[in-house]
Amino acid sequence: MGLFTKVFDFFVGWLTPDAPKQELSGAELTKAATDAYIHKIYGTVKKHTGTIIFKATNDADDDDIANDLLHIVIVWAEQVESIDAVYVDDIDVTSNSELFTADNGDKLLHVRNFPNGMDGYSDQYLTQAGWRTSDKCLGKACSYIRLEYAEGENKLRSEPAFTADITGTTSQNPLTHLKDFLQSNIYGKGESVSRLDLTAFNAAESTADTLVPIYEGATETRPLFTSNVAIDTGESVLDNVNALLKGFRGLMPIIDGKLTPIIEKDDPVVSVPILHDDIIEAGNLTSTSKNNRFNRVVVEYTDDEANSTKQEVIYPEKDSAIETAWLAADNGVVLEQSVSLDTCRNYYEAKAFAKAKAEVSRDLKTFTVILELWGIIYEVGDIVPVTYDDYGFIAKPFRVTSTKESNTEVELTLREHQPSIYDFNFSGDLPTYPATHHQVIKPQSPSNFTLNQYYNQLKQLEVQWSGTTTRYEIQLLNSIGVIIEHQVIARKFFELRNLSQGNYTFRARAVGVVLKSDYVDFQISVDQTINSFTWRAYADDINGNGASLTDSSKAFIGFAFNQLTETASLADLSKFVWISAGGSNGLSAYEIWLSEGNSGSISTFLDSLNGNDGIPGNAWIYATSTPSASTGRVNDFALVQGRYVYQKTDGSTWTYRYDLQGPNGADGTSALVGFSSVESNTLSWKIDSENVLVPANDTATIKVGFNRDGATVTQDFIRARVTRADTAIYVSASTPPLGGGMTLTVINNSTATPTAEIKYQDAVLIVYFFLLRDGQDGRPGTPGADGLNSNVVRDEVDSSTTSSSLEILSVNAPAGTFDVSFNVTGYAEASYTIGGPEPEQRDRSTRVKLELFRGNTQVGSDYFDPSNSTYELGNSFSFSAVFTNQPGGNEYSVKLTTETSGSVDNQRTYYDGYLQAEEV
């Protein structure tokens, strides 16, 4: 079992009484131990005592006094920021006290401080005294102290007391300390960060850092709450958590499965009040008794201004008007409570705590109320206006201190709220909460009813209306007037589902502070079936292996029925029912022909398939002159003299269309002079369409050697080779530099081997070189249409998830400036199961949050729900946003988060949308 086990009604807080402790008289001493608990220091503490883990004497300095060196290693706490000062019998070791100085001026005291262990430190005297090099005190704040005995009247004669001023953390924020303690596996609870409501922690941290006057009328300020404490890890985790909570007047309930810190202060009331008719049952209204009401609160704290000693502050002050009034109200009996505020080291902060503790205990009424299940919207710490005629409450503020939930009801424990208790200046002069009154009149009836049709798997219809109140009572009647739905809701719409086709009456009335309006009827008709889609896919076997949406040649076909989207997906193959795609052989065409009442042989059947002769098609006619009027049919073509095209445009006319032969081309460039032969016969060459030299008879690989200025260069020339019967001649061509001065040399007996050999008797090689020259520029083409922007990146999604938080879209924008836009629509639903003999599943309210990130930086976020603050049953959502002039070179992503008003068993979010970055 963990520290926190109950979700609804268990919390720890600043009002929890101190656990009884045995108080020891006398001064605190640094003592030797091997199994002592090690403190965790938050903020700065002074005159802190530690634990001696090593103590030995020796005579390593070889003087005339035996064993005059005393070696001590003290562990102060877990790792700290700094050890600011060490004291011996309350004297700073850095002072010039004669206690630490010999008559000849030598130092008798040596101190070395280690904020985070002694790893890497070595001292010959300490080693000789028995300290092992393996003893490193890793992760611990410690000091090595060496004392030397000396003669003299004012010298140490016995082992002194050691204390230290230590800064454990630079932060003095109690919320920061609580968060660290809850997560630490070494000295704290070891909770996962997922179990902490980090949003609530951040908000409370900001409140604690609020600057307020040190006291009423002062110009100097201090943080509202600070924490400077040495946590005793020998105490229970629960006691240490309560000690930290007292430091900021905090509660810590578990809300939606997360530890949620709450600072008791004068918060605004919630938007949804509790009205008289909402309360199914109210408990007795109780005031505090002598057991938990106090007219004197004594707070013990550590005062750094008084040499870091324990001090007390008392509220109310002795003989003050408040003390006199409180004692008179309690028949002169002193009702005192003492509280230890371990985190406090400031008089005014301790006094503020004493005032709040005393006033909360006096005359704050408490009672319980039972509401219908919609009451789960209230959480511990909320301040709720309550109207209840039996007790005379009209919008009176109460703080929710605990909640309990059954299958059908919610029980809230409420404590009266007075803002003056939480006066940050603690002057006590603020008035109590003023009475709030409402006229007892009937509220205005709802109006402007509209009907939205959906007919999907989530809902069929949605009725919406307008009105002036927060809460409405609705009924749904069937065609014969039987009420089939009756609820009180805190919204202005209602979803209808699982209804048979037919006519219904929907009625609603407004719920006011005391009275209700008249019902207004609205006629509706369910006249459609639910829209759904059937997906088809193909697979290799009945288990869906090798599934495909397009390969119809596979042996099995699968169907997924009643899907909400038209586009099929293979993300969840369990939705498909797989069946064999092959059936038994069908009838032949001849057998089908016979079954239709025909008779005859196969030849007769085949003859029956012949159709009527078609109309002859157009024809081409080849002629040496224009065809005669009687030749051909309309739309026939004639090719005359192999180049002129005519078309017969009517029964007797042949019309000239065009000439297939184009105009003569321009003269080509004159060829350069080639190189002549090395043998008696000639092998001719030609130029192909790609202007590459190739032999006329075959493809070969040729090597040509060019000799220029006495140097021989050989280079491969693709697609050519020639050989002789006796000696292979490899030739490579390279375009010679213009200007001449080149001679051709055929290189015989190359060591390279041809891939195939073509043999000729007596070959003569003639090589042609061609020089390409630039022609005149052509005419400009017609301008093309405007193109798209240079960069558009886009991601689309159409899916669903059971995760509460999910990245659903992402794009990578290259360098540049982009307009980033997205649009996401969908529906979120959640449910939970109520136990009992017959478990029942209930819908849970949700709300949806969408965030846009650039890398890890949030660019924008929003909630989607009707009032931007409440949770709703069956929450449909639609987001769209454009963020202009965003920097490129980043990944942009959209994260969707579904939040619920309580724990859930089942949750699903359907979503469809896109994310696009378009360069501007």
# chains A, B, ... in the order shown; residues from 1 in each chain; ligands from 1
>>> select_by_dssp(residues="range 428-508 of chain A", states="strand (DSSP E)", output="PyMOL selection string")
chain A and resi 447-453+461-466+471-477+483-489+493-496+502-508
>>> write_last_selection(atoms="C-alpha atoms", output="PDB file, in the first residue's frame")
ATOM      1  CA  SER A 447     -36.557  29.589 -25.325  1.00  0.00           C
ATOM      2  CA  ASN A 448     -35.136  29.371 -28.859  1.00  0.00           C
ATOM      3  CA  PHE A 449     -35.126  25.577 -29.026  1.00  0.00           C
ATOM      4  CA  THR A 450     -33.212  24.082 -31.958  1.00  0.00           C
ATOM      5  CA  LEU A 451     -32.637  20.487 -33.074  1.00  0.00           C
ATOM      6  CA  ASN A 452     -29.356  19.227 -34.550  1.00  0.00           C
ATOM      7  CA  GLN A 453     -29.328  15.861 -36.315  1.00  0.00           C
ATOM      8  CA  LEU A 461     -30.085  14.233 -31.977  1.00  0.00           C
ATOM      9  CA  GLU A 462     -29.044  17.221 -29.870  1.00  0.00           C
ATOM     10  CA  VAL A 463     -31.535  19.748 -28.483  1.00  0.00           C
ATOM     11  CA  GLN A 464     -30.212  23.249 -27.719  1.00  0.00           C
ATOM     12  CA  TRP A 465     -31.889  26.256 -26.147  1.00  0.00           C
ATOM     13  CA  SER A 466     -31.142  29.643 -24.578  1.00  0.00           C
ATOM     14  CA  ARG A 471     -29.317  24.771 -14.298  1.00  0.00           C
ATOM     15  CA  TYR A 472     -32.280  23.179 -16.119  1.00  0.00           C
ATOM     16  CA  GLU A 473     -34.639  20.319 -15.423  1.00  0.00           C
ATOM     17  CA  ILE A 474     -35.419  18.279 -18.549  1.00  0.00           C
ATOM     18  CA  GLN A 475     -37.844  15.462 -19.385  1.00  0.00           C
ATOM     19  CA  LEU A 476     -38.273  13.285 -22.486  1.00  0.00           C
ATOM     20  CA  LEU A 477     -41.703  11.728 -23.110  1.00  0.00           C
ATOM     21  CA  ILE A 483     -41.436   9.940 -19.148  1.00  0.00           C
ATOM     22  CA  ILE A 484     -38.396   7.988 -20.349  1.00  0.00           C
ATOM     23  CA  GLU A 485     -35.716  10.524 -19.307  1.00  0.00           C
ATOM     24  CA  HIS A 486     -35.623  12.982 -16.376  1.00  0.00           C
ATOM     25  CA  GLN A 487     -32.521  14.914 -15.282  1.00  0.00           C
ATOM     26  CA  VAL A 488     -31.294  18.175 -13.776  1.00  0.00           C
ATOM     27  CA  ILE A 489     -28.347  19.433 -15.840  1.00  0.00           C
ATOM     28  CA  PHE A 493     -28.146  21.359 -24.534  1.00  0.00           C
ATOM     29  CA  PHE A 494     -29.061  17.685 -24.253  1.00  0.00           C
ATOM     30  CA  GLU A 495     -28.024  14.749 -26.425  1.00  0.00           C
ATOM     31  CA  LEU A 496     -30.444  11.981 -27.387  1.00  0.00           C
ATOM     32  CA  GLY A 502     -41.019   7.808 -33.676  1.00  0.00           C
ATOM     33  CA  ASN A 503     -42.294  11.089 -32.186  1.00  0.00           C
ATOM     34  CA  TYR A 504     -41.202  12.432 -28.784  1.00  0.00           C
ATOM     35  CA  THR A 505     -41.812  15.465 -26.568  1.00  0.00           C
ATOM     36  CA  PHE A 506     -38.752  17.175 -25.056  1.00  0.00           C
ATOM     37  CA  ARG A 507     -39.527  19.576 -22.238  1.00  0.00           C
ATOM     38  CA  ALA A 508     -37.266  21.833 -20.180  1.00  0.00           C
TER      39      ALA A 508
END
>>> residues_around(residues="Asp650 in chain A", least_positions_apart="4", cutoff="10 Å", atoms="only C-alpha atoms", output="MDAnalysis selection string")
chainID A and resid 629 633:636 654:655
>>> write_last_selection(atoms="all heavy atoms", output="tab-separated table (two decimals), in the first residue's frame")
chain	number	residue	atom	x	y	z
A	629	ALA	N	-14.33	12.23	-107.23
A	629	ALA	CA	-15.48	12.46	-106.36
A	629	ALA	C	-16.15	11.16	-105.96
A	629	ALA	O	-16.77	11.05	-104.90
A	629	ALA	CB	-16.47	13.40	-107.03
A	633	ARG	N	-15.57	7.31	-98.88
A	633	ARG	CA	-16.76	7.76	-98.15
A	633	ARG	C	-16.40	9.01	-97.34
A	633	ARG	O	-15.22	9.35	-97.16
A	633	ARG	CB	-17.26	6.65	-97.19
A	633	ARG	CG	-17.72	5.39	-97.91
A	633	ARG	CD	-18.30	4.39	-96.90
A	633	ARG	NE	-17.35	4.04	-95.88
A	633	ARG	CZ	-16.43	3.08	-96.01
A	633	ARG	NH1	-16.37	2.39	-97.14
A	633	ARG	NH2	-15.59	2.81	-95.04
A	634	VAL	N	-17.44	9.65	-96.84
A	634	VAL	CA	-17.21	10.86	-96.04
A	634	VAL	C	-16.28	10.53	-94.86
A	634	VAL	O	-16.44	9.50	-94.20
A	634	VAL	CB	-18.56	11.44	-95.55
A	634	VAL	CG1	-18.30	12.63	-94.59
A	634	VAL	CG2	-19.39	11.88	-96.74
A	635	ASN	N	-15.31	11.41	-94.62
A	635	ASN	CA	-14.32	11.32	-93.55
A	635	ASN	C	-13.19	10.34	-93.84
A	635	ASN	O	-12.34	10.10	-92.98
A	635	ASN	CB	-14.95	10.97	-92.19
A	635	ASN	CG	-15.74	12.13	-91.63
A	635	ASN	OD1	-15.40	13.30	-91.89
A	635	ASN	ND2	-16.80	11.85	-90.90
A	636	ASP	N	-13.17	9.72	-95.04
A	636	ASP	CA	-11.98	8.97	-95.43
A	636	ASP	C	-10.84	9.93	-95.68
A	636	ASP	O	-11.04	11.13	-95.95
A	636	ASP	CB	-12.25	8.16	-96.69
A	636	ASP	CG	-13.03	6.87	-96.40
A	636	ASP	OD1	-13.21	6.58	-95.20
A	636	ASP	OD2	-13.47	6.20	-97.35
A	654	TRP	N	-13.08	16.25	-101.98
A	654	TRP	CA	-11.86	15.94	-101.22
A	654	TRP	C	-11.17	17.26	-100.89
A	654	TRP	O	-10.84	18.03	-101.78
A	654	TRP	CB	-10.91	15.05	-102.04
A	654	TRP	CG	-11.40	13.64	-102.11
A	654	TRP	CD1	-12.21	13.09	-103.05
A	654	TRP	CD2	-11.06	12.61	-101.21
A	654	TRP	NE1	-12.45	11.76	-102.81
A	654	TRP	CE2	-11.74	11.42	-101.66
A	654	TRP	CE3	-10.27	12.51	-100.06
A	654	TRP	CZ2	-11.65	10.20	-101.00
A	654	TRP	CZ3	-10.18	11.29	-99.41
A	654	TRP	CH2	-10.86	10.15	-99.86
A	655	THR	N	-10.96	17.52	-99.60
A	655	THR	CA	-10.39	18.80	-99.14
A	655	THR	C	-8.95	18.60	-98.69
A	655	THR	O	-8.65	17.69	-97.89
A	655	THR	CB	-11.21	19.39	-97.97
A	655	THR	OG1	-12.56	19.53	-98.40
A	655	THR	CG2	-10.65	20.74	-97.53
>>> select_by_dssp(residues="range 153-394 of chain A", states="helix (DSSP H, G or I)", output="MDAnalysis selection string")
chainID A and resid 174:183 193:195 198:208 237:246 276:278 304:306 321:329 347:361 373:377 389:391
>>> atom_distance(atom1="CA of Arg399 in chain A", atom2="CA of Arg415 in chain A")
5.1 Å
>>> residues_around(residues="range 887-897 of chain A", least_positions_apart="5", cutoff="6 Å", atoms="only C-alpha atoms", output="VMD selection string")
chain A and resid 804 to 817 848 to 855
>>> atom_distance(atom1="CA of Asp319 in chain A", atom2="CA of Glu216 in chain A")
20.0 Å
>>> residues_around(residues="range 573-583 of chain A", least_positions_apart="6", cutoff="7 Å", atoms="only C-alpha atoms", output="list in words")
Ile542, Gly544, Ala555, Phe556, Ile557, Gly558, Phe559 and Ala560 of chain A
>>> closest_residue(among="A:Ala321, A:Ile255, A:Ile263, A:Ala358", to="Thr207 in chain A", atoms="only C-alpha atoms")
A:Ile263
>>> closest_residue(among="A:Val272, A:Ile231, A:Ile38, A:Ile383", to="Phe181 in chain A", atoms="only C-alpha atoms")
A:Ile231
>>> closest_residue(among="A:Val360, A:Ala589, A:Gln647, A:Gln641", to="Asn618 in chain A", atoms="only C-alpha atoms")
A:Gln647
>>> closest_residue(among="A:Thr176, A:Ser532, A:Ser569, A:Asn906", to="Ser548 in chain A", atoms="only C-alpha atoms")
A:Ser569
>>> residues_around(residues="Lys189 in chain A", least_positions_apart="4", cutoff="10 Å", atoms="only C-alpha atoms", output="list of chain:residue names")
A:Gly2, A:Leu3, A:Asp180, A:Phe181, A:Leu182, A:Gln183, A:Ser184, A:Asn185, A:Ser236, A:Val237, A:Leu238, A:Val241
>>> residues_around(residues="Ser876 in chain A", least_positions_apart="2", cutoff="9 Å", atoms="only C-alpha atoms", output="mmCIF file with all heavy atoms, in the first residue's frame")
data_model
loop_
_atom_site.group_PDB
_atom_site.id
_atom_site.type_symbol
_atom_site.label_atom_id
_atom_site.label_comp_id
_atom_site.auth_asym_id
_atom_site.auth_seq_id
_atom_site.Cartn_x
_atom_site.Cartn_y
_atom_site.Cartn_z
ATOM 1 N N THR A 825 -11.414 18.340 -35.820
ATOM 2 C CA THR A 825 -12.752 18.135 -35.292
ATOM 3 C C THR A 825 -12.846 16.725 -34.739
ATOM 4 O O THR A 825 -12.048 15.854 -35.094
ATOM 5 C CB THR A 825 -13.820 18.330 -36.378
ATOM 6 O OG1 THR A 825 -13.590 17.371 -37.417
ATOM 7 C CG2 THR A 825 -13.751 19.726 -36.960
ATOM 8 N N GLY A 826 -13.821 16.502 -33.876
ATOM 9 C CA GLY A 826 -13.964 15.150 -33.341
ATOM 10 C C GLY A 826 -14.960 15.078 -32.209
ATOM 11 O O GLY A 826 -15.774 15.979 -31.990
ATOM 12 N N TYR A 827 -14.821 14.007 -31.468
ATOM 13 C CA TYR A 827 -15.742 13.729 -30.376
ATOM 14 C C TYR A 827 -14.997 12.959 -29.289
ATOM 15 O O TYR A 827 -14.219 12.049 -29.603
ATOM 16 C CB TYR A 827 -16.918 12.886 -30.899
ATOM 17 C CG TYR A 827 -17.996 12.665 -29.858
ATOM 18 C CD1 TYR A 827 -19.020 13.577 -29.697
ATOM 19 C CD2 TYR A 827 -17.978 11.534 -29.025
ATOM 20 C CE1 TYR A 827 -20.013 13.385 -28.750
ATOM 21 C CE2 TYR A 827 -18.968 11.352 -28.064
ATOM 22 C CZ TYR A 827 -19.984 12.276 -27.934
ATOM 23 O OH TYR A 827 -20.945 12.084 -26.992
ATOM 24 N N ALA A 828 -15.192 13.327 -28.042
ATOM 25 C CA ALA A 828 -14.523 12.664 -26.916
ATOM 26 C C ALA A 828 -15.577 12.082 -25.981
ATOM 27 O O ALA A 828 -16.572 12.740 -25.668
ATOM 28 C CB ALA A 828 -13.649 13.655 -26.153
ATOM 29 N N GLU A 829 -15.373 10.861 -25.567
ATOM 30 C CA GLU A 829 -16.285 10.228 -24.625
ATOM 31 C C GLU A 829 -15.483 9.435 -23.597
ATOM 32 O O GLU A 829 -14.374 8.984 -23.865
ATOM 33 C CB GLU A 829 -17.250 9.298 -25.361
ATOM 34 C CG GLU A 829 -16.562 8.127 -26.093
ATOM 35 C CD GLU A 829 -17.554 7.227 -26.808
ATOM 36 O OE1 GLU A 829 -18.751 7.463 -26.650
ATOM 37 O OE2 GLU A 829 -17.130 6.298 -27.498
ATOM 38 N N ARG A 847 -13.456 17.181 -21.296
ATOM 39 C CA ARG A 847 -13.174 18.366 -22.084
ATOM 40 C C ARG A 847 -11.879 18.119 -22.849
ATOM 41 O O ARG A 847 -11.089 17.268 -22.464
ATOM 42 C CB ARG A 847 -13.072 19.634 -21.238
ATOM 43 C CG ARG A 847 -11.913 19.664 -20.245
ATOM 44 C CD ARG A 847 -11.917 20.983 -19.486
ATOM 45 N NE ARG A 847 -10.841 21.058 -18.507
ATOM 46 C CZ ARG A 847 -10.643 22.085 -17.687
ATOM 47 N NH1 ARG A 847 -11.440 23.122 -17.742
ATOM 48 N NH2 ARG A 847 -9.661 22.079 -16.819
ATOM 49 N N VAL A 848 -11.694 18.866 -23.919
ATOM 50 C CA VAL A 848 -10.605 18.581 -24.856
ATOM 51 C C VAL A 848 -9.718 19.807 -24.970
ATOM 52 O O VAL A 848 -10.210 20.935 -25.071
ATOM 53 C CB VAL A 848 -11.162 18.197 -26.243
ATOM 54 C CG1 VAL A 848 -10.021 18.000 -27.232
ATOM 55 C CG2 VAL A 848 -11.982 16.925 -26.128
ATOM 56 N N PHE A 864 -11.761 23.336 -25.731
ATOM 57 C CA PHE A 864 -13.023 23.448 -26.450
ATOM 58 C C PHE A 864 -14.139 22.869 -25.591
ATOM 59 O O PHE A 864 -14.174 21.674 -25.326
ATOM 60 C CB PHE A 864 -12.995 22.705 -27.780
ATOM 61 C CG PHE A 864 -14.268 22.906 -28.563
ATOM 62 C CD1 PHE A 864 -14.406 24.001 -29.393
ATOM 63 C CD2 PHE A 864 -15.323 22.027 -28.422
ATOM 64 C CE1 PHE A 864 -15.575 24.189 -30.105
ATOM 65 C CE2 PHE A 864 -16.494 22.216 -29.129
ATOM 66 C CZ PHE A 864 -16.616 23.320 -29.965
ATOM 67 N N ASP A 865 -15.022 23.707 -25.106
ATOM 68 C CA ASP A 865 -16.246 23.264 -24.455
ATOM 69 C C ASP A 865 -17.162 24.484 -24.378
ATOM 70 O O ASP A 865 -16.730 25.619 -24.573
ATOM 71 C CB ASP A 865 -15.982 22.647 -23.065
ATOM 72 C CG ASP A 865 -15.278 23.608 -22.133
ATOM 73 O OD1 ASP A 865 -15.973 24.419 -21.504
ATOM 74 O OD2 ASP A 865 -14.042 23.540 -22.071
ATOM 75 N N GLY A 874 -20.170 13.627 -23.472
ATOM 76 C CA GLY A 874 -20.170 13.507 -24.915
ATOM 77 C C GLY A 874 -19.704 14.787 -25.593
ATOM 78 O O GLY A 874 -20.467 15.488 -26.229
ATOM 79 N N SER A 878 -14.348 21.187 -32.107
ATOM 80 C CA SER A 878 -13.884 21.641 -33.420
ATOM 81 C C SER A 878 -12.913 22.791 -33.205
ATOM 82 O O SER A 878 -13.274 23.795 -32.580
ATOM 83 C CB SER A 878 -15.067 22.101 -34.268
ATOM 84 O OG SER A 878 -14.602 22.587 -35.514
#
